[in-house]
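Student: Below you'll find upload-v7.cif; it's mmCIF, C-alpha atoms and all ligand atoms.
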data_start
#
loop_
_atom_site.label_atom_id
_atom_site.label_comp_id
_atom_site.auth_asym_id
_atom_site.auth_seq_id
_atom_site.Cartn_x
_atom_site.Cartn_y
_atom_site.Cartn_z
CA MET W 30 198.86 137.73 48.49
CA SER W 31 200.35 138.12 45.03
CA ARG W 32 197.95 137.40 42.19
CA ALA W 33 200.70 135.57 40.34
CA ALA W 34 200.74 133.09 43.24
CA ILE W 35 197.49 131.48 42.04
CA GLY W 36 198.42 128.40 40.00
CA ALA W 37 196.46 127.36 36.90
CA SER W 38 195.47 124.09 38.56
CA GLU W 39 194.03 125.86 41.62
CA LEU W 40 190.25 126.10 41.29
CA LEU W 41 189.48 127.61 44.66
CA ARG W 42 191.41 129.48 47.28
CA LEU W 43 190.11 130.89 50.52
CA ASP W 44 192.65 133.23 52.05
CA ALA W 45 192.21 134.25 55.71
CA VAL W 46 188.42 134.11 55.42
CA SER W 47 186.38 135.20 58.44
CA MET W 48 182.64 135.47 58.70
CA HIS W 49 180.63 137.21 61.42
CA TYR W 50 176.86 137.18 61.35
CA GLY W 51 175.04 140.08 63.00
CA SER W 52 176.76 142.82 64.95
CA GLY W 53 177.50 143.98 68.49
CA GLU W 54 176.44 141.70 71.33
CA ASN W 55 174.52 139.40 68.98
CA SER W 56 177.47 138.86 66.63
CA VAL W 57 178.26 135.21 65.86
CA THR W 58 181.67 134.22 64.49
CA ALA W 59 181.00 131.43 61.99
CA LEU W 60 184.49 131.33 60.40
CA SER W 61 187.77 132.64 61.69
CA GLY W 62 190.88 133.01 59.48
CA VAL W 63 190.23 130.00 57.25
CA ASP W 64 192.75 129.17 54.50
CA LEU W 65 191.77 126.49 52.01
CA SER W 66 192.79 125.48 48.53
CA VAL W 67 191.17 123.06 46.07
CA ARG W 68 193.01 121.98 42.93
CA ARG W 69 191.76 120.31 39.76
CA GLY W 70 191.33 116.58 40.35
CA GLU W 71 191.02 117.10 44.10
CA LEU W 72 188.05 116.43 46.38
CA VAL W 73 188.27 118.02 49.83
CA ALA W 74 185.94 116.83 52.59
CA ILE W 75 184.90 119.27 55.31
CA MET W 76 183.99 117.74 58.65
CA GLY W 77 183.07 119.20 62.01
CA ALA W 78 180.34 119.32 64.61
CA SER W 79 177.04 121.04 63.98
CA GLY W 80 177.59 124.81 64.01
CA SER W 81 181.33 124.56 63.25
CA GLY W 82 180.93 126.60 60.05
CA LYS W 83 180.79 123.97 57.28
CA SER W 84 177.75 125.37 55.43
CA THR W 85 179.00 128.92 55.84
CA LEU W 86 182.30 127.90 54.25
CA LEU W 87 180.46 126.31 51.30
CA THR W 88 178.20 129.31 50.66
CA ILE W 89 181.23 131.63 50.77
CA ALA W 90 183.19 129.37 48.40
CA GLY W 91 180.20 129.47 46.04
CA GLY W 92 179.98 133.25 46.13
CA LEU W 93 176.49 133.17 47.64
CA VAL W 94 177.72 135.10 50.68
CA THR W 95 180.55 137.65 50.91
CA PRO W 96 182.84 137.04 53.90
CA THR W 97 183.38 139.75 56.50
CA SER W 98 187.10 139.64 55.68
CA GLY W 99 189.52 137.62 53.61
CA GLU W 100 189.64 136.72 49.92
CA VAL W 101 187.88 134.11 47.82
CA ILE W 102 189.45 133.27 44.46
CA VAL W 103 187.53 131.01 42.08
CA ASP W 104 189.34 129.79 38.99
CA GLY W 105 191.69 132.78 39.13
CA GLU W 106 189.00 135.41 39.75
CA TRP W 107 188.91 137.49 42.95
CA LEU W 108 185.23 137.41 43.89
CA ARG W 109 185.52 140.70 45.80
CA ASP W 110 186.39 142.44 42.52
CA ALA W 111 183.66 140.78 40.47
CA SER W 112 180.64 142.89 39.44
CA PRO W 113 177.21 141.37 40.24
CA LYS W 114 176.88 140.42 36.55
CA ARG W 115 180.31 138.77 36.50
CA MET W 116 179.53 137.04 39.81
CA ALA W 117 176.32 135.59 38.33
CA ALA W 118 178.28 134.36 35.30
CA ILE W 119 180.92 132.67 37.53
CA ARG W 120 178.13 130.96 39.48
CA ARG W 121 176.50 129.72 36.28
CA ARG W 122 179.63 128.67 34.41
CA THR W 123 182.17 127.50 36.97
CA LEU W 124 180.26 126.47 40.08
CA GLY W 125 177.90 123.56 40.56
CA PHE W 126 175.97 122.97 43.79
CA VAL W 127 174.65 119.60 44.99
CA PHE W 128 172.33 119.66 48.01
CA GLN W 129 171.03 117.00 50.35
CA ASP W 130 167.47 117.31 49.04
CA PHE W 131 168.42 117.21 45.31
CA ASN W 132 166.57 120.47 44.44
CA LEU W 133 165.30 119.22 41.06
CA VAL W 134 162.37 120.95 39.35
CA PRO W 135 159.51 118.41 39.56
CA ALA W 136 157.74 119.57 36.39
CA LEU W 137 160.84 119.09 34.23
CA THR W 138 162.33 115.80 32.97
CA ALA W 139 165.84 114.76 34.04
CA HIS W 140 167.09 115.98 30.66
CA GLU W 141 165.37 119.39 31.05
CA ASN W 142 166.57 119.78 34.66
CA VAL W 143 170.17 119.36 33.50
CA SER W 144 169.88 121.59 30.42
CA LEU W 145 168.00 124.37 32.27
CA PRO W 146 171.09 126.16 33.69
CA LEU W 147 172.67 126.25 30.24
CA GLU W 148 169.49 127.59 28.61
CA LEU W 149 169.25 130.25 31.33
CA ASP W 150 172.84 131.12 30.44
CA GLY W 151 171.79 131.78 26.82
CA TRP W 152 172.82 128.50 25.19
CA LYS W 153 170.76 127.48 22.13
CA THR W 154 168.29 124.76 23.12
CA GLY W 155 169.77 122.07 20.84
CA LYS W 156 173.33 122.64 22.11
CA ALA W 157 172.15 122.75 25.73
CA ARG W 158 170.20 119.51 25.31
CA ARG W 159 173.22 117.75 23.77
CA ALA W 160 175.48 118.89 26.62
CA ALA W 161 172.83 117.78 29.15
CA LEU W 162 172.70 114.34 27.58
CA ASP W 163 176.50 114.10 27.78
CA ALA W 164 176.31 114.99 31.49
CA LEU W 165 173.59 112.37 32.08
CA ARG W 166 175.79 109.82 30.31
CA LEU W 167 178.58 110.62 32.81
CA VAL W 168 176.32 109.58 35.68
CA GLU W 169 174.99 106.60 33.69
CA LEU W 170 171.44 107.94 33.45
CA GLU W 171 171.14 108.59 29.73
CA ASP W 172 168.34 106.02 29.51
CA ARG W 173 166.31 107.93 32.15
CA ALA W 174 166.59 111.30 30.40
CA SER W 175 162.86 111.61 29.71
CA HIS W 176 161.79 110.60 33.23
CA PHE W 177 160.43 113.13 35.72
CA PRO W 178 162.06 113.33 39.19
CA ASP W 179 159.09 111.56 40.79
CA ASP W 180 159.71 108.53 38.56
CA LEU W 181 163.35 108.26 39.67
CA SER W 182 164.82 106.74 42.84
CA GLY W 183 166.55 109.01 45.37
CA GLY W 184 169.96 107.89 44.13
CA GLN W 185 168.99 108.54 40.51
CA GLN W 186 167.69 112.02 41.44
CA GLN W 187 170.97 112.82 43.16
CA ARG W 188 172.90 111.62 40.08
CA VAL W 189 170.77 114.00 37.98
CA ALA W 190 171.74 116.75 40.45
CA ILE W 191 175.43 115.88 39.95
CA ALA W 192 174.93 115.99 36.15
CA ARG W 193 173.32 119.44 36.55
CA ALA W 194 176.24 120.58 38.73
CA VAL W 195 178.88 119.67 36.13
CA VAL W 196 177.01 120.32 32.86
CA GLY W 197 178.67 122.62 30.32
CA GLY W 198 182.14 122.13 31.79
CA ARG W 199 181.58 123.57 35.27
CA SER W 200 184.64 122.73 37.21
CA LEU W 201 184.05 123.35 40.92
CA ILE W 202 181.46 121.13 42.60
CA LEU W 203 180.22 122.18 46.05
CA ALA W 204 178.27 119.40 47.73
CA ASP W 205 176.47 119.85 51.08
CA GLU W 206 175.64 116.46 52.61
CA PRO W 207 174.71 115.10 49.16
CA THR W 208 174.13 111.59 50.52
CA GLY W 209 172.08 112.62 53.56
CA ALA W 210 168.73 111.47 52.18
CA LEU W 211 170.04 108.24 50.67
CA ASP W 212 170.60 104.73 52.03
CA SER W 213 174.25 103.82 52.46
CA GLN W 214 174.56 101.72 49.26
CA THR W 215 172.96 104.42 47.11
CA GLY W 216 174.98 107.11 48.87
CA GLU W 217 178.16 105.26 47.94
CA LEU W 218 177.08 105.07 44.31
CA VAL W 219 176.49 108.83 44.26
CA LEU W 220 179.92 109.45 45.81
CA ARG W 221 181.54 107.19 43.23
CA MET W 222 179.95 109.29 40.46
CA LEU W 223 181.17 112.48 42.13
CA ARG W 224 184.66 111.00 42.48
CA THR W 225 184.67 110.02 38.77
CA ARG W 226 183.89 113.58 37.75
CA ILE W 227 186.64 114.90 40.04
CA ASP W 228 189.12 112.41 38.58
CA GLU W 229 188.22 113.75 35.13
CA GLY W 230 189.50 117.19 36.13
CA ALA W 231 186.88 118.98 38.23
CA GLY W 232 187.53 119.98 41.83
CA GLY W 233 185.16 119.70 44.73
CA ILE W 234 184.22 120.24 48.34
CA LEU W 235 182.15 117.64 50.13
CA VAL W 236 180.56 118.61 53.44
CA THR W 237 179.78 115.48 55.42
CA HIS W 238 179.30 114.13 58.93
CA ASP W 239 180.17 110.59 57.87
CA PRO W 240 183.84 109.52 57.99
CA ARG W 241 183.11 106.72 55.47
CA HIS W 242 182.00 109.34 52.98
CA ALA W 243 184.91 111.62 53.78
CA ALA W 244 187.18 108.69 52.89
CA TRP W 245 186.28 109.34 49.22
CA ALA W 246 188.10 112.66 49.45
CA ASP W 247 191.81 113.32 48.91
CA ARG W 248 191.94 115.49 51.99
CA ILE W 249 189.80 116.00 55.05
CA VAL W 250 189.66 119.42 56.69
CA PHE W 251 188.27 119.51 60.22
CA LEU W 252 186.52 122.64 61.48
CA ARG W 253 185.88 123.52 65.09
CA ASP W 254 184.22 126.80 66.08
CA GLY W 255 184.94 128.24 62.66
CA ARG W 256 188.65 127.38 62.62
CA VAL W 257 190.56 124.71 60.72
CA VAL W 258 191.85 122.52 63.52
CA ASP W 259 193.29 119.62 61.57
CA GLU W 260 193.90 118.33 58.08
CA SER W 261 194.49 114.78 56.92
CA ARG W 262 195.45 113.28 53.61
CA ARG W 263 193.95 110.07 52.27
CA ASP W 264 197.43 108.69 51.68
CA ASP W 265 198.23 109.14 55.38
CA PRO W 266 195.85 106.78 57.22
CA THR W 267 197.66 107.14 60.54
CA ALA W 268 197.05 110.86 60.50
CA LEU W 269 193.41 110.23 59.63
CA LEU W 270 192.89 107.90 62.54
CA GLY W 271 194.71 110.24 64.87
CA ALA W 272 192.63 113.20 63.81
CA ARG W 273 189.33 111.37 64.23
CA ALA W 274 190.13 109.83 67.58
N1 LIG W 301 172.34 133.44 58.64
C1 LIG W 301 172.87 133.32 59.86
N2 LIG W 301 172.67 134.25 60.81
C2 LIG W 301 173.22 134.16 62.04
N3 LIG W 301 173.99 133.12 62.43
C3 LIG W 301 174.22 132.16 61.54
C4 LIG W 301 173.67 132.18 60.21
N4 LIG W 301 174.09 131.06 59.55
C5 LIG W 301 174.85 130.37 60.41
N5 LIG W 301 174.93 131.02 61.61
C6 LIG W 301 175.72 130.58 62.79
O1 LIG W 301 177.06 130.42 62.35
C7 LIG W 301 177.63 129.25 62.95
C8 LIG W 301 178.07 128.27 61.88
O2 LIG W 301 176.89 127.77 61.21
P1 LIG W 301 176.96 126.77 59.97
O3 LIG W 301 175.56 126.52 59.52
O4 LIG W 301 177.92 127.28 58.96
O5 LIG W 301 177.55 125.44 60.65
P2 LIG W 301 177.53 123.93 60.13
O6 LIG W 301 178.82 123.34 60.56
O7 LIG W 301 177.19 123.89 58.68
O8 LIG W 301 176.34 123.29 60.97
P3 LIG W 301 175.38 122.05 60.58
O9 LIG W 301 176.25 120.83 60.54
O10 LIG W 301 174.40 122.01 61.72
O11 LIG W 301 174.73 122.39 59.25
C9 LIG W 301 176.56 128.70 63.90
O12 LIG W 301 176.78 129.23 65.18
C10 LIG W 301 175.27 129.24 63.32
O13 LIG W 301 174.29 129.37 64.32
#
Let me see whether you can do it: turn the structure in this file into structure tokens.
Ligand SMILES: Nc1ncnc2c1ncn2[C@@H]1O[C@H](COP(=O)(O)OP(=O)(O)OP(=O)(O)O)[C@@H](O)[C@H]1O
Tutor:
Amino acid sequence: MSRAAIGASELLRLDAVSMHYGSGENSVTALSGVDLSVRRGELVAIMGASGSGKSTLLTIAGGLVTPTSGEVIVDGEWLRDASPKRMAAIRRRTLGFVFQDFNLVPALTAHENVSLPLELDGWKTGKARRAALDALRLVELEDRASHFPDDLSGGQQQRVAIARAVVGGRSLILADEPTGALDSQTGELVLRMLRTRIDEGAGGILVTHDPRHAAWADRIVFLRDGRVVDESRRDDPTALLGARA
């Protein structure tokens, strides 16, 4: 693929990505020739049965795992060419992860949890704290900044996790079942916050089992046995219904 072919609005591209775990007789094919693109302002849902490769796709997109073959391009950078130092910088500055179990540090306030990645990245404390407060404002939790995770509801904790994922201008949000531990009303609130951030110019992948949650995405990509078997757009409800049937 020509490097010039990557558009400025394209935050993520997976090009013919395959992933095999193990070797020989015990080898498991988790992904097989997957192509995927995520643009700014676009949320892509990934659906598929357990074991279809959703989490593997997310960890590869986030540079946590190198695929067996194929290319991963994040915000114009070929991850295969990135040095470990550069890779760490891309993870800190461009990528934000949101997990099902929030992953907040219990001994730190909401404000400190959000500013921590920036401080680890060398930001001055004052600047990092101001950026963290801006991110908490985005998820409407500015007034809970000094609370510890234990003093926040599950939905509030997940909103802190979203703030931490986008703080400092990170643009690609990778969310793995971010509503799994929440009741449906709170889960919807969290998805609305995620959607707002995407509409402001980030891009994202949402791994989910729930079609109601996938409906927040612009596109749904269906995986089966590590392959993309179908794709539906939100503006094409007939295709969506057909694909889910
Ligand atoms: N570290 C690993 N070592 C070996 N096999 C693995 C590893 N991680 C995943 N697999 C296998 O790769 C395949 C895809 O797994 P993956 O976790 O990506 O699927 P998934 O769609 O996210 O599943 P779930 O919905 O249950 O989380 C499965 O067969 C799984 O057993």
Student: Could you report the residues within 10 Å of ligand LIG 301 (chain W), using all atoms listed in the file, as a PDB file with C-alpha atoms, in the frame of the given file?
Tutor:
ATOM      1  CA  MET W  48     182.640 135.470  58.700  1.00  0.00           C
ATOM      2  CA  HIS W  49     180.630 137.210  61.420  1.00  0.00           C
ATOM      3  CA  TYR W  50     176.860 137.180  61.350  1.00  0.00           C
ATOM      4  CA  GLY W  51     175.040 140.080  63.000  1.00  0.00           C
ATOM      5  CA  SER W  52     176.760 142.820  64.950  1.00  0.00           C
ATOM      6  CA  ASN W  55     174.520 139.400  68.980  1.00  0.00           C
ATOM      7  CA  SER W  56     177.470 138.860  66.630  1.00  0.00           C
ATOM      8  CA  VAL W  57     178.260 135.210  65.860  1.00  0.00           C
ATOM      9  CA  THR W  58     181.670 134.220  64.490  1.00  0.00           C
ATOM     10  CA  ALA W  59     181.000 131.430  61.990  1.00  0.00           C
ATOM     11  CA  LEU W  60     184.490 131.330  60.400  1.00  0.00           C
ATOM     12  CA  ILE W  75     184.900 119.270  55.310  1.00  0.00           C
ATOM     13  CA  MET W  76     183.990 117.740  58.650  1.00  0.00           C
ATOM     14  CA  GLY W  77     183.070 119.200  62.010  1.00  0.00           C
ATOM     15  CA  ALA W  78     180.340 119.320  64.610  1.00  0.00           C
ATOM     16  CA  SER W  79     177.040 121.040  63.980  1.00  0.00           C
ATOM     17  CA  GLY W  80     177.590 124.810  64.010  1.00  0.00           C
ATOM     18  CA  SER W  81     181.330 124.560  63.250  1.00  0.00           C
ATOM     19  CA  GLY W  82     180.930 126.600  60.050  1.00  0.00           C
ATOM     20  CA  LYS W  83     180.790 123.970  57.280  1.00  0.00           C
ATOM     21  CA  SER W  84     177.750 125.370  55.430  1.00  0.00           C
ATOM     22  CA  THR W  85     179.000 128.920  55.840  1.00  0.00           C
ATOM     23  CA  LEU W  86     182.300 127.900  54.250  1.00  0.00           C
ATOM     24  CA  LEU W  87     180.460 126.310  51.300  1.00  0.00           C
ATOM     25  CA  THR W  88     178.200 129.310  50.660  1.00  0.00           C
ATOM     26  CA  ILE W  89     181.230 131.630  50.770  1.00  0.00           C
ATOM     27  CA  VAL W  94     177.720 135.100  50.680  1.00  0.00           C
ATOM     28  CA  ASP W 205     176.470 119.850  51.080  1.00  0.00           C
ATOM     29  CA  GLU W 206     175.640 116.460  52.610  1.00  0.00           C
ATOM     30  CA  VAL W 236     180.560 118.610  53.440  1.00  0.00           C
ATOM     31  CA  THR W 237     179.780 115.480  55.420  1.00  0.00           C
ATOM     32  CA  HIS W 238     179.300 114.130  58.930  1.00  0.00           C
ATOM     33  CA  LEU W 252     186.520 122.640  61.480  1.00  0.00           C
ATOM     34  CA  ARG W 253     185.880 123.520  65.090  1.00  0.00           C
ATOM     35  CA  ASP W 254     184.220 126.800  66.080  1.00  0.00           C
ATOM     36  CA  GLY W 255     184.940 128.240  62.660  1.00  0.00           C
TER      37      GLY W 255
END
Student: Which is closest to Leu220 in chain W among W:Gly91, W:Gly232, W:Gly155, W:Pro207, if we use only C-alpha atoms?
Tutor: W:Pro207
Student: Select, from W:Ser261, W:Ser112, W:Ser144, W:Thr95, the residue with the minimum atom-to-atom distance to Ala194 in chain W, counting all atoms listed in the file.
Tutor: W:Ser144
Student: Within 12 Å of (162.6, 111.6, 42.3), in the coordinates the file gives, what residues turn up when you count only C-alpha atoms, written out as a list in words?
Tutor: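 Residues with an atom close enough to that point: Asp130, Phe131, Asn132, Leu133, Val134, Pro135, Ala136, Leu137, Thr138, Ala139, Asn142, Arg173, His176, Phe177, Pro178, Asp179, Asp180, Leu181, Ser182, Gly183, Gly184, Gln185, Gln186, Gln187, Arg188, Val189, Ala190, Ala210 and Leu211 of chain W.
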Student: Just checking: using only C-alpha atoms, which residue out of W:Ala192, W:Leu203, W:Leu65, W:Val143 ends up closest to Leu167 in chain W?
Tutor: W:Ala192
Student: Padding of 3 Å on every side, edges along x, y and z, all listed atoms of range 244-251 of chain W included: what centre and edge lengths in Å, to one decimal, does that box have, as AutoDock Vina command-line options?
Tutor:
--center_x 189.1 --center_y 114.1 --center_z 54.6 --size_x 11.7 --size_y 16.8 --size_z 17.3
Student: One decimal, Å: what's the distance from CA of Pro240 in chain W over to CA of Met222 in chain W, could you say?
Tutor: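 Taking CA of Pro240 in chain W and CA of Met222 in chain W, their separation equals 18.0 Å.
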Student: Just checking: using all atoms listed in the file, which residue out of W:Leu162, W:Ile102, W:Ala118, W:Gly197 ends up closest to Leu147 in chain W?
Tutor: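 When distances to Leu147 in chain W are compared using all atoms listed in the file, the smallest one comes from W:Gly197.
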Student: Record the distance separating CA of Ala204 in chain W and CA of Val127 in chain W, expressed in Å with one decimal.
Tutor: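 Going from CA of Ala204 in chain W over to CA of Val127 in chain W covers 4.5 Å.
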Student: Tell me which of W:Val101, W:Val219, W:Val250, W:Leu124 sits closest to Glu169 in chain W, counting all atoms listed in the file.
Tutor: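 That would be W:Val219, the residue with the smallest distance to Glu169 in chain W.
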Student: So how far away is CA of Ala74 in chain W from CA of Asp247 in chain W, in Å?
Tutor: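 Taking CA of Asp247 in chain W and CA of Ala74 in chain W, their separation equals 7.8 Å.
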Student: When distances are computed from all atoms listed in the file, which of W:Arg166, W:Arg248, W:Arg115, W:Arg68 shows the smallest separation from His140 in chain W?
Tutor: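 Closest residue, counting all atoms listed in the file: W:Arg166.
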Student: Which residues are close to Ser200 in chain W, i.e. within 9 Å by all atoms listed in the file, leaving aside same-chain residues fewer than 4 positions away? Reply as a tab-separated table (two decimals) with C-alpha atoms, keeping the file's coordinate frame.
Tutor:
chain	number	residue	atom	x	y	z
W	40	LEU	CA	190.25	126.10	41.29
W	69	ARG	CA	191.76	120.31	39.76
W	104	ASP	CA	189.34	129.79	38.99
W	122	ARG	CA	179.63	128.67	34.41
W	123	THR	CA	182.17	127.50	36.97
W	124	LEU	CA	180.26	126.47	40.08
W	125	GLY	CA	177.90	123.56	40.56
W	194	ALA	CA	176.24	120.58	38.73
W	195	VAL	CA	178.88	119.67	36.13
W	227	ILE	CA	186.64	114.90	40.04
W	230	GLY	CA	189.50	117.19	36.13
W	231	ALA	CA	186.88	118.98	38.23
W	232	GLY	CA	187.53	119.98	41.83
W	233	GLY	CA	185.16	119.70	44.73
Student: Would you please take range 155-168 of chain W of the structure in the block above and write N, CA and C atoms to a file as a PDB file, in the first residue's frame?
Tutor:
ATOM      1  N   GLY W 155       0.935  21.390  36.946  1.00  0.00           N
ATOM      2  CA  GLY W 155      -0.143  22.384  36.809  1.00  0.00           C
ATOM      3  C   GLY W 155      -0.856  22.251  35.471  1.00  0.00           C
ATOM      4  N   LYS W 156      -0.077  22.090  34.392  1.00  0.00           N
ATOM      5  CA  LYS W 156      -0.655  21.983  33.042  1.00  0.00           C
ATOM      6  C   LYS W 156      -1.464  20.688  32.931  1.00  0.00           C
ATOM      7  N   ALA W 157      -0.888  19.603  33.492  1.00  0.00           N
ATOM      8  CA  ALA W 157      -1.577  18.308  33.434  1.00  0.00           C
ATOM      9  C   ALA W 157      -2.906  18.381  34.205  1.00  0.00           C
ATOM     10  N   ARG W 158      -2.872  19.031  35.366  1.00  0.00           N
ATOM     11  CA  ARG W 158      -4.102  19.120  36.172  1.00  0.00           C
ATOM     12  C   ARG W 158      -5.176  19.950  35.450  1.00  0.00           C
ATOM     13  N   ARG W 159      -4.735  21.006  34.763  1.00  0.00           N
ATOM     14  CA  ARG W 159      -5.724  21.829  34.033  1.00  0.00           C
ATOM     15  C   ARG W 159      -6.337  21.027  32.888  1.00  0.00           C
ATOM     16  N   ALA W 160      -5.507  20.287  32.171  1.00  0.00           N
ATOM     17  CA  ALA W 160      -6.021  19.464  31.057  1.00  0.00           C
ATOM     18  C   ALA W 160      -6.959  18.383  31.590  1.00  0.00           C
ATOM     19  N   ALA W 161      -6.613  17.822  32.770  1.00  0.00           N
ATOM     20  CA  ALA W 161      -7.456  16.772  33.359  1.00  0.00           C
ATOM     21  C   ALA W 161      -8.821  17.336  33.734  1.00  0.00           C
ATOM     22  N   LEU W 162      -8.811  18.561  34.262  1.00  0.00           N
ATOM     23  CA  LEU W 162     -10.085  19.169  34.636  1.00  0.00           C
ATOM     24  C   LEU W 162     -10.941  19.438  33.396  1.00  0.00           C
ATOM     25  N   ASP W 163     -10.298  19.844  32.306  1.00  0.00           N
ATOM     26  CA  ASP W 163     -11.027  20.046  31.041  1.00  0.00           C
ATOM     27  C   ASP W 163     -11.672  18.733  30.594  1.00  0.00           C
ATOM     28  N   ALA W 164     -10.902  17.626  30.717  1.00  0.00           N
ATOM     29  CA  ALA W 164     -11.425  16.323  30.292  1.00  0.00           C
ATOM     30  C   ALA W 164     -12.586  15.897  31.194  1.00  0.00           C
ATOM     31  N   LEU W 165     -12.476  16.178  32.489  1.00  0.00           N
ATOM     32  CA  LEU W 165     -13.578  15.827  33.406  1.00  0.00           C
ATOM     33  C   LEU W 165     -14.814  16.677  33.108  1.00  0.00           C
ATOM     34  N   ARG W 166     -14.586  17.906  32.656  1.00  0.00           N
ATOM     35  CA  ARG W 166     -15.716  18.771  32.281  1.00  0.00           C
ATOM     36  C   ARG W 166     -16.454  18.160  31.097  1.00  0.00           C
ATOM     37  N   LEU W 167     -15.698  17.591  30.147  1.00  0.00           N
ATOM     38  CA  LEU W 167     -16.298  16.961  28.958  1.00  0.00           C
ATOM     39  C   LEU W 167     -17.295  15.867  29.342  1.00  0.00           C
ATOM     40  N   VAL W 168     -16.965  15.127  30.397  1.00  0.00           N
ATOM     41  CA  VAL W 168     -17.849  14.028  30.806  1.00  0.00           C
ATOM     42  C   VAL W 168     -18.729  14.452  31.989  1.00  0.00           C
TER      43      VAL W 168
END
